[in-house]
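J.: Got a structure for you, questions after.
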Amino acid sequence: MDELASGKQSSSGPDRAAENDEPTIRVVVVGPPGLLRTALAAILAAAPGFELAGESDPDHHLTDGVVTRRPHVVLVDLDAIEDPAVLSGRWHARLPECAVVVLTSRRTARALRRALGARARGIIAKDVAPQELLDQLRLVAEGQRMIDPVTALAALDAAVNPLNEREREVTAAAARGMSTKEIAGHLHLAPGTVRNHLSAVLRKTGARNRWEAVQRAQDAGWI
């Protein structure tokens, strides 16, 4: 009889099925309804040694049904989460031993920073093969930390910020959708000075316009 049926709580690691002594890893998939969530659920439901413990929308609170199943891993679509730290906080509050793993298509320093802010134990790229995904989830459930190497390298490359303090302030203001005049008023600068700073930001980021510069600066973790 497994631990859920017997009323016992699971340990922090994967359970062992009585019949074949294989680990059973319970995983909850968190993301908006759609093809990705459906595919992940199907993969986990069919994989030996895994159990789909539930599916959840990012904005929904944990249900008692999911908590009762004592999942070992919550697999989160990082690209669909506005504030992953808040979502992660809900899980840690009710399931402190459950490991957070994020999936992302944006292999950038910003993605790594958001994942670490959510206390994620694993960062996995969305283009991995299903078997690789399962292998990495198994390692995380066993207590290891898994970080996509391309994302880790992107973070290392972005470690040196080429923007000075004022350029970061101007870029951050542009990221909030402010016009040149609004940025000037917000930072108490002349509009011409703001344009000079924006020109420097475009040159340093290699961007064609301010919106592309903002995106590159955000992805690199510079603002």
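Identifiers for the structure tokens are assigned positionally: chains receive A, B, ... in sequence, residues are indexed from 1 per chain, and ligands are indexed from 1 in the order shown.
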Which neighbours of Leu78 (chain A) fall inside 12 Å, counting only C-alpha atoms, when residues of the same chain fewer than 6 positions from it are skipped, and could you give them as a PDB file with all heavy atoms, in the first residue's frame?
T.:
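Wrote around.pdb, looks like this:
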ATOM      1  N   VAL A  29       2.067  20.003 -12.580  1.00  0.00           N
ATOM      2  CA  VAL A  29       2.399  20.904 -13.694  1.00  0.00           C
ATOM      3  C   VAL A  29       1.639  22.210 -13.506  1.00  0.00           C
ATOM      4  O   VAL A  29       0.408  22.208 -13.365  1.00  0.00           O
ATOM      5  CB  VAL A  29       2.036  20.265 -15.050  1.00  0.00           C
ATOM      6  CG1 VAL A  29       2.356  21.236 -16.188  1.00  0.00           C
ATOM      7  CG2 VAL A  29       2.783  18.953 -15.239  1.00  0.00           C
ATOM      8  N   VAL A  30       2.365  23.329 -13.492  1.00  0.00           N
ATOM      9  CA  VAL A  30       1.753  24.643 -13.318  1.00  0.00           C
ATOM     10  C   VAL A  30       2.006  25.487 -14.558  1.00  0.00           C
ATOM     11  O   VAL A  30       3.146  25.720 -14.958  1.00  0.00           O
ATOM     12  CB  VAL A  30       2.321  25.361 -12.080  1.00  0.00           C
ATOM     13  CG1 VAL A  30       1.729  26.766 -11.956  1.00  0.00           C
ATOM     14  CG2 VAL A  30       2.032  24.562 -10.816  1.00  0.00           C
ATOM     15  N   GLY A  31       0.932  25.949 -15.173  1.00  0.00           N
ATOM     16  CA  GLY A  31       1.028  26.779 -16.367  1.00  0.00           C
ATOM     17  C   GLY A  31      -0.364  27.033 -16.912  1.00  0.00           C
ATOM     18  O   GLY A  31      -1.329  26.395 -16.493  1.00  0.00           O
ATOM     19  N   PRO A  32      -0.496  27.957 -17.852  1.00  0.00           N
ATOM     20  CA  PRO A  32      -1.814  28.219 -18.435  1.00  0.00           C
ATOM     21  C   PRO A  32      -2.289  27.025 -19.238  1.00  0.00           C
ATOM     22  O   PRO A  32      -1.472  26.273 -19.788  1.00  0.00           O
ATOM     23  CB  PRO A  32      -1.565  29.441 -19.335  1.00  0.00           C
ATOM     24  CG  PRO A  32      -0.107  29.367 -19.660  1.00  0.00           C
ATOM     25  CD  PRO A  32       0.563  28.785 -18.454  1.00  0.00           C
ATOM     26  N   PRO A  58      -1.360  29.247 -13.107  1.00  0.00           N
ATOM     27  CA  PRO A  58      -0.402  30.032 -12.309  1.00  0.00           C
ATOM     28  C   PRO A  58      -1.057  30.920 -11.265  1.00  0.00           C
ATOM     29  O   PRO A  58      -0.486  31.136 -10.189  1.00  0.00           O
ATOM     30  CB  PRO A  58       0.329  30.863 -13.361  1.00  0.00           C
ATOM     31  CG  PRO A  58       0.155  30.120 -14.642  1.00  0.00           C
ATOM     32  CD  PRO A  58      -1.183  29.463 -14.542  1.00  0.00           C
ATOM     33  N   PRO A  84       7.273  34.781 -10.385  1.00  0.00           N
ATOM     34  CA  PRO A  84       7.497  33.409  -9.934  1.00  0.00           C
ATOM     35  C   PRO A  84       7.816  33.298  -8.455  1.00  0.00           C
ATOM     36  O   PRO A  84       7.551  32.270  -7.835  1.00  0.00           O
ATOM     37  CB  PRO A  84       8.677  32.940 -10.797  1.00  0.00           C
ATOM     38  CG  PRO A  84       9.338  34.184 -11.270  1.00  0.00           C
ATOM     39  CD  PRO A  84       8.260  35.205 -11.394  1.00  0.00           C
ATOM     40  N   ALA A  85       8.386  34.343  -7.856  1.00  0.00           N
ATOM     41  CA  ALA A  85       8.722  34.282  -6.438  1.00  0.00           C
ATOM     42  C   ALA A  85       7.465  34.171  -5.587  1.00  0.00           C
ATOM     43  O   ALA A  85       7.442  33.459  -4.570  1.00  0.00           O
ATOM     44  CB  ALA A  85       9.535  35.506  -6.034  1.00  0.00           C
ATOM     45  N   LEU A  87       4.542  32.836  -6.554  1.00  0.00           N
ATOM     46  CA  LEU A  87       4.009  31.486  -6.742  1.00  0.00           C
ATOM     47  C   LEU A  87       4.818  30.467  -5.953  1.00  0.00           C
ATOM     48  O   LEU A  87       4.271  29.593  -5.283  1.00  0.00           O
ATOM     49  CB  LEU A  87       4.001  31.134  -8.226  1.00  0.00           C
ATOM     50  CG  LEU A  87       3.406  29.765  -8.582  1.00  0.00           C
ATOM     51  CD1 LEU A  87       2.584  29.868  -9.870  1.00  0.00           C
ATOM     52  CD2 LEU A  87       4.502  28.728  -8.770  1.00  0.00           C
ATOM     53  N   SER A  88       6.140  30.601  -6.013  1.00  0.00           N
ATOM     54  CA  SER A  88       7.001  29.682  -5.281  1.00  0.00           C
ATOM     55  C   SER A  88       6.765  29.784  -3.781  1.00  0.00           C
ATOM     56  O   SER A  88       6.794  28.782  -3.061  1.00  0.00           O
ATOM     57  CB  SER A  88       8.465  29.966  -5.616  1.00  0.00           C
ATOM     58  OG  SER A  88       9.326  29.145  -4.865  1.00  0.00           O
ATOM     59  N   VAL A 100      10.909  23.089  -6.630  1.00  0.00           N
ATOM     60  CA  VAL A 100      10.404  23.879  -7.748  1.00  0.00           C
ATOM     61  C   VAL A 100      11.367  23.725  -8.922  1.00  0.00           C
ATOM     62  O   VAL A 100      12.572  23.933  -8.791  1.00  0.00           O
ATOM     63  CB  VAL A 100      10.273  25.363  -7.363  1.00  0.00           C
ATOM     64  CG1 VAL A 100       9.880  26.200  -8.584  1.00  0.00           C
ATOM     65  CG2 VAL A 100       9.250  25.539  -6.254  1.00  0.00           C
ATOM     66  N   VAL A 101      10.823  23.362 -10.082  1.00  0.00           N
ATOM     67  CA  VAL A 101      11.589  23.276 -11.324  1.00  0.00           C
ATOM     68  C   VAL A 101      10.894  24.150 -12.356  1.00  0.00           C
ATOM     69  O   VAL A 101       9.665  24.078 -12.498  1.00  0.00           O
ATOM     70  CB  VAL A 101      11.678  21.824 -11.836  1.00  0.00           C
ATOM     71  CG1 VAL A 101      12.395  21.769 -13.185  1.00  0.00           C
ATOM     72  CG2 VAL A 101      12.407  20.939 -10.826  1.00  0.00           C
ATOM     73  N   VAL A 102      11.646  24.976 -13.063  1.00  0.00           N
ATOM     74  CA  VAL A 102      11.038  25.862 -14.055  1.00  0.00           C
ATOM     75  C   VAL A 102      11.448  25.454 -15.464  1.00  0.00           C
ATOM     76  O   VAL A 102      12.565  24.990 -15.689  1.00  0.00           O
ATOM     77  CB  VAL A 102      11.402  27.342 -13.808  1.00  0.00           C
ATOM     78  CG1 VAL A 102      10.925  27.796 -12.435  1.00  0.00           C
ATOM     79  CG2 VAL A 102      12.891  27.582 -13.956  1.00  0.00           C
ATOM     80  N   LEU A 103      10.529  25.634 -16.376  1.00  0.00           N
ATOM     81  CA  LEU A 103      10.774  25.450 -17.802  1.00  0.00           C
ATOM     82  C   LEU A 103      10.783  26.822 -18.465  1.00  0.00           C
ATOM     83  O   LEU A 103       9.910  27.653 -18.191  1.00  0.00           O
ATOM     84  CB  LEU A 103       9.671  24.601 -18.440  1.00  0.00           C
ATOM     85  CG  LEU A 103       9.744  23.086 -18.292  1.00  0.00           C
ATOM     86  CD1 LEU A 103       8.460  22.463 -18.832  1.00  0.00           C
ATOM     87  CD2 LEU A 103      10.936  22.531 -19.041  1.00  0.00           C
ATOM     88  N   THR A 104      11.751  27.077 -19.345  1.00  0.00           N
ATOM     89  CA  THR A 104      11.803  28.373 -20.008  1.00  0.00           C
ATOM     90  C   THR A 104      12.333  28.230 -21.430  1.00  0.00           C
ATOM     91  O   THR A 104      13.148  27.347 -21.715  1.00  0.00           O
ATOM     92  CB  THR A 104      12.678  29.366 -19.223  1.00  0.00           C
ATOM     93  OG1 THR A 104      12.670  30.639 -19.898  1.00  0.00           O
ATOM     94  CG2 THR A 104      14.105  28.879 -19.100  1.00  0.00           C
ATOM     95  N   SER A 105      11.848  29.099 -22.300  1.00  0.00           N
ATOM     96  CA  SER A 105      12.383  29.172 -23.663  1.00  0.00           C
ATOM     97  C   SER A 105      13.373  30.322 -23.789  1.00  0.00           C
ATOM     98  O   SER A 105      14.063  30.440 -24.788  1.00  0.00           O
ATOM     99  CB  SER A 105      11.248  29.365 -24.679  1.00  0.00           C
ATOM    100  OG  SER A 105      10.541  30.564 -24.412  1.00  0.00           O
ATOM    101  N   ARG A 106      13.436  31.160 -22.740  1.00  0.00           N
ATOM    102  CA  ARG A 106      14.323  32.323 -22.758  1.00  0.00           C
ATOM    103  C   ARG A 106      15.558  31.980 -21.925  1.00  0.00           C
ATOM    104  O   ARG A 106      15.563  32.119 -20.713  1.00  0.00           O
ATOM    105  CB  ARG A 106      13.611  33.551 -22.187  1.00  0.00           C
ATOM    106  CG  ARG A 106      12.351  33.921 -22.961  1.00  0.00           C
ATOM    107  CD  ARG A 106      11.765  35.216 -22.446  1.00  0.00           C
ATOM    108  NE  ARG A 106      12.641  36.336 -22.713  1.00  0.00           N
ATOM    109  CZ  ARG A 106      12.693  37.012 -23.856  1.00  0.00           C
ATOM    110  NH1 ARG A 106      11.909  36.640 -24.852  1.00  0.00           N
ATOM    111  NH2 ARG A 106      13.509  38.015 -24.022  1.00  0.00           N
ATOM    112  N   ARG A 107      16.603  31.529 -22.594  1.00  0.00           N
ATOM    113  CA  ARG A 107      17.815  31.080 -21.901  1.00  0.00           C
ATOM    114  C   ARG A 107      18.731  32.271 -21.683  1.00  0.00           C
ATOM    115  O   ARG A 107      19.753  32.436 -22.344  1.00  0.00           O
ATOM    116  CB  ARG A 107      18.474  29.967 -22.698  1.00  0.00           C
ATOM    117  CG  ARG A 107      17.540  28.786 -22.870  1.00  0.00           C
ATOM    118  CD  ARG A 107      17.909  27.892 -24.019  1.00  0.00           C
ATOM    119  NE  ARG A 107      18.647  26.713 -23.567  1.00  0.00           N
ATOM    120  CZ  ARG A 107      18.875  25.663 -24.353  1.00  0.00           C
ATOM    121  NH1 ARG A 107      18.419  25.637 -25.588  1.00  0.00           N
ATOM    122  NH2 ARG A 107      19.549  24.643 -23.885  1.00  0.00           N
ATOM    123  N   ARG A 110      18.378  36.953 -17.259  1.00  0.00           N
ATOM    124  CA  ARG A 110      17.153  37.353 -16.551  1.00  0.00           C
ATOM    125  C   ARG A 110      16.326  36.132 -16.162  1.00  0.00           C
ATOM    126  O   ARG A 110      15.773  36.082 -15.056  1.00  0.00           O
ATOM    127  CB  ARG A 110      16.325  38.286 -17.444  1.00  0.00           C
ATOM    128  CG  ARG A 110      15.074  38.818 -16.744  1.00  0.00           C
ATOM    129  CD  ARG A 110      14.289  39.739 -17.648  1.00  0.00           C
ATOM    130  NE  ARG A 110      13.146  40.295 -16.964  1.00  0.00           N
ATOM    131  CZ  ARG A 110      11.918  40.324 -17.469  1.00  0.00           C
ATOM    132  NH1 ARG A 110      11.682  39.801 -18.669  1.00  0.00           N
ATOM    133  NH2 ARG A 110      10.924  40.856 -16.804  1.00  0.00           N
ATOM    134  N   ALA A 111      16.246  35.147 -17.066  1.00  0.00           N
ATOM    135  CA  ALA A 111      15.507  33.925 -16.742  1.00  0.00           C
ATOM    136  C   ALA A 111      16.129  33.227 -15.544  1.00  0.00           C
ATOM    137  O   ALA A 111      15.418  32.740 -14.653  1.00  0.00           O
ATOM    138  CB  ALA A 111      15.480  32.988 -17.948  1.00  0.00           C
ATOM    139  N   LEU A 112      17.453  33.182 -15.502  1.00  0.00           N
ATOM    140  CA  LEU A 112      18.130  32.562 -14.367  1.00  0.00           C
ATOM    141  C   LEU A 112      17.847  33.335 -13.086  1.00  0.00           C
ATOM    142  O   LEU A 112      17.569  32.738 -12.031  1.00  0.00           O
ATOM    143  CB  LEU A 112      19.635  32.509 -14.634  1.00  0.00           C
ATOM    144  CG  LEU A 112      20.488  31.911 -13.514  1.00  0.00           C
ATOM    145  CD1 LEU A 112      20.079  30.474 -13.237  1.00  0.00           C
ATOM    146  CD2 LEU A 112      21.967  31.973 -13.872  1.00  0.00           C
ATOM    147  N   ARG A 113      17.892  34.646 -13.162  1.00  0.00           N
ATOM    148  CA  ARG A 113      17.642  35.467 -11.982  1.00  0.00           C
ATOM    149  C   ARG A 113      16.213  35.260 -11.469  1.00  0.00           C
ATOM    150  O   ARG A 113      15.988  35.131 -10.252  1.00  0.00           O
ATOM    151  CB  ARG A 113      17.876  36.937 -12.314  1.00  0.00           C
ATOM    152  CG  ARG A 113      17.777  37.876 -11.108  1.00  0.00           C
ATOM    153  CD  ARG A 113      18.106  39.294 -11.508  1.00  0.00           C
ATOM    154  NE  ARG A 113      17.202  39.792 -12.537  1.00  0.00           N
ATOM    155  CZ  ARG A 113      17.360  40.951 -13.159  1.00  0.00           C
ATOM    156  NH1 ARG A 113      18.406  41.707 -12.894  1.00  0.00           N
ATOM    157  NH2 ARG A 113      16.501  41.335 -14.082  1.00  0.00           N
ATOM    158  N   ARG A 114      15.236  35.203 -12.369  1.00  0.00           N
ATOM    159  CA  ARG A 114      13.846  34.983 -11.965  1.00  0.00           C
ATOM    160  C   ARG A 114      13.673  33.596 -11.348  1.00  0.00           C
ATOM    161  O   ARG A 114      12.959  33.430 -10.356  1.00  0.00           O
ATOM    162  CB  ARG A 114      12.912  35.138 -13.159  1.00  0.00           C
ATOM    163  CG  ARG A 114      12.895  36.537 -13.747  1.00  0.00           C
ATOM    164  CD  ARG A 114      11.935  36.610 -14.931  1.00  0.00           C
ATOM    165  NE  ARG A 114      10.561  36.636 -14.484  1.00  0.00           N
ATOM    166  CZ  ARG A 114       9.578  35.916 -15.021  1.00  0.00           C
ATOM    167  NH1 ARG A 114       9.854  35.046 -15.986  1.00  0.00           N
ATOM    168  NH2 ARG A 114       8.347  36.003 -14.570  1.00  0.00           N
ATOM    169  N   ALA A 115      14.339  32.612 -11.933  1.00  0.00           N
ATOM    170  CA  ALA A 115      14.236  31.249 -11.409  1.00  0.00           C
ATOM    171  C   ALA A 115      14.846  31.151 -10.015  1.00  0.00           C
ATOM    172  O   ALA A 115      14.261  30.549  -9.106  1.00  0.00           O
ATOM    173  CB  ALA A 115      14.911  30.269 -12.356  1.00  0.00           C
ATOM    174  N   LEU A 116      16.012  31.749  -9.830  1.00  0.00           N
ATOM    175  CA  LEU A 116      16.654  31.704  -8.525  1.00  0.00           C
ATOM    176  C   LEU A 116      15.848  32.496  -7.499  1.00  0.00           C
ATOM    177  O   LEU A 116      15.816  32.141  -6.319  1.00  0.00           O
ATOM    178  CB  LEU A 116      18.081  32.247  -8.625  1.00  0.00           C
ATOM    179  CG  LEU A 116      19.042  31.412  -9.482  1.00  0.00           C
ATOM    180  CD1 LEU A 116      20.420  32.067  -9.528  1.00  0.00           C
ATOM    181  CD2 LEU A 116      19.136  29.985  -8.958  1.00  0.00           C
ATOM    182  N   GLY A 117      15.193  33.565  -7.948  1.00  0.00           N
ATOM    183  CA  GLY A 117      14.326  34.320  -7.057  1.00  0.00           C
ATOM    184  C   GLY A 117      13.141  33.500  -6.581  1.00  0.00           C
ATOM    185  O   GLY A 117      12.589  33.751  -5.507  1.00  0.00           O
ATOM    186  N   ALA A 118      12.757  32.530  -7.389  1.00  0.00           N
ATOM    187  CA  ALA A 118      11.662  31.621  -7.023  1.00  0.00           C
ATOM    188  C   ALA A 118      12.172  30.394  -6.271  1.00  0.00           C
ATOM    189  O   ALA A 118      11.424  29.446  -6.046  1.00  0.00           O
ATOM    190  CB  ALA A 118      10.908  31.187  -8.274  1.00  0.00           C
ATOM    191  N   ALA A 120      14.097  28.087  -7.284  1.00  0.00           N
ATOM    192  CA  ALA A 120      14.005  26.891  -8.128  1.00  0.00           C
ATOM    193  C   ALA A 120      15.236  26.023  -7.947  1.00  0.00           C
ATOM    194  O   ALA A 120      16.356  26.523  -7.895  1.00  0.00           O
ATOM    195  CB  ALA A 120      13.842  27.278  -9.593  1.00  0.00           C
ATOM    196  N   GLY A 122      15.665  23.519 -10.170  1.00  0.00           N
ATOM    197  CA  GLY A 122      15.987  23.113 -11.520  1.00  0.00           C
ATOM    198  C   GLY A 122      15.533  24.144 -12.534  1.00  0.00           C
ATOM    199  O   GLY A 122      14.481  24.766 -12.375  1.00  0.00           O
ATOM    200  N   ILE A 123      16.366  24.370 -13.571  1.00  0.00           N
ATOM    201  CA  ILE A 123      16.020  25.253 -14.684  1.00  0.00           C
ATOM    202  C   ILE A 123      16.245  24.443 -15.951  1.00  0.00           C
ATOM    203  O   ILE A 123      17.374  24.057 -16.252  1.00  0.00           O
ATOM    204  CB  ILE A 123      16.891  26.516 -14.691  1.00  0.00           C
ATOM    205  CG1 ILE A 123      16.784  27.253 -13.356  1.00  0.00           C
ATOM    206  CG2 ILE A 123      16.500  27.432 -15.844  1.00  0.00           C
ATOM    207  CD1 ILE A 123      17.810  28.360 -13.190  1.00  0.00           C
ATOM    208  N   ILE A 124      15.168  24.184 -16.677  1.00  0.00           N
ATOM    209  CA  ILE A 124      15.223  23.296 -17.833  1.00  0.00           C
ATOM    210  C   ILE A 124      14.690  24.032 -19.057  1.00  0.00           C
ATOM    211  O   ILE A 124      13.669  24.724 -18.984  1.00  0.00           O
ATOM    212  CB  ILE A 124      14.402  22.011 -17.585  1.00  0.00           C
ATOM    213  CG1 ILE A 124      14.911  21.298 -16.330  1.00  0.00           C
ATOM    214  CG2 ILE A 124      14.456  21.073 -18.787  1.00  0.00           C
ATOM    215  CD1 ILE A 124      14.075  20.078 -15.938  1.00  0.00           C
ATOM    216  N   ALA A 125      15.373  23.897 -20.190  1.00  0.00           N
ATOM    217  CA  ALA A 125      14.929  24.530 -21.431  1.00  0.00           C
ATOM    218  C   ALA A 125      13.730  23.774 -22.006  1.00  0.00           C
ATOM    219  O   ALA A 125      13.633  22.544 -21.878  1.00  0.00           O
ATOM    220  CB  ALA A 125      16.065  24.561 -22.444  1.00  0.00           C
ATOM    221  N   LYS A 126      12.836  24.514 -22.646  1.00  0.00           N
ATOM    222  CA  LYS A 126      11.629  23.894 -23.187  1.00  0.00           C
ATOM    223  C   LYS A 126      11.890  22.999 -24.389  1.00  0.00           C
ATOM    224  O   LYS A 126      11.027  22.197 -24.752  1.00  0.00           O
ATOM    225  CB  LYS A 126      10.605  24.977 -23.575  1.00  0.00           C
ATOM    226  CG  LYS A 126       9.929  25.638 -22.388  1.00  0.00           C
ATOM    227  CD  LYS A 126       8.896  26.653 -22.846  1.00  0.00           C
ATOM    228  CE  LYS A 126       8.176  27.272 -21.666  1.00  0.00           C
ATOM    229  NZ  LYS A 126       7.190  28.308 -22.085  1.00  0.00           N
TER     230      LYS A 126
END
J.: Write down as a PyMOL selection string the residues belonging to region 2-221 of chain A that are assigned strand (DSSP E) by DSSP computed on the backbone.
T.: chain A and resi 15-16+23-30+50-56+73-77+99-104+122-125+146-147
J.: Write out as an MDAnalysis selection string the set of residues from region 2-210 of chain A that DSSP, computed on the backbone, places in helix (DSSP H, G or I).
T.: chainID A and resid 3:6 35:46 64:68 78:80 84:94 109:117 130:141 149:157 165:175 180:187 191:205 210
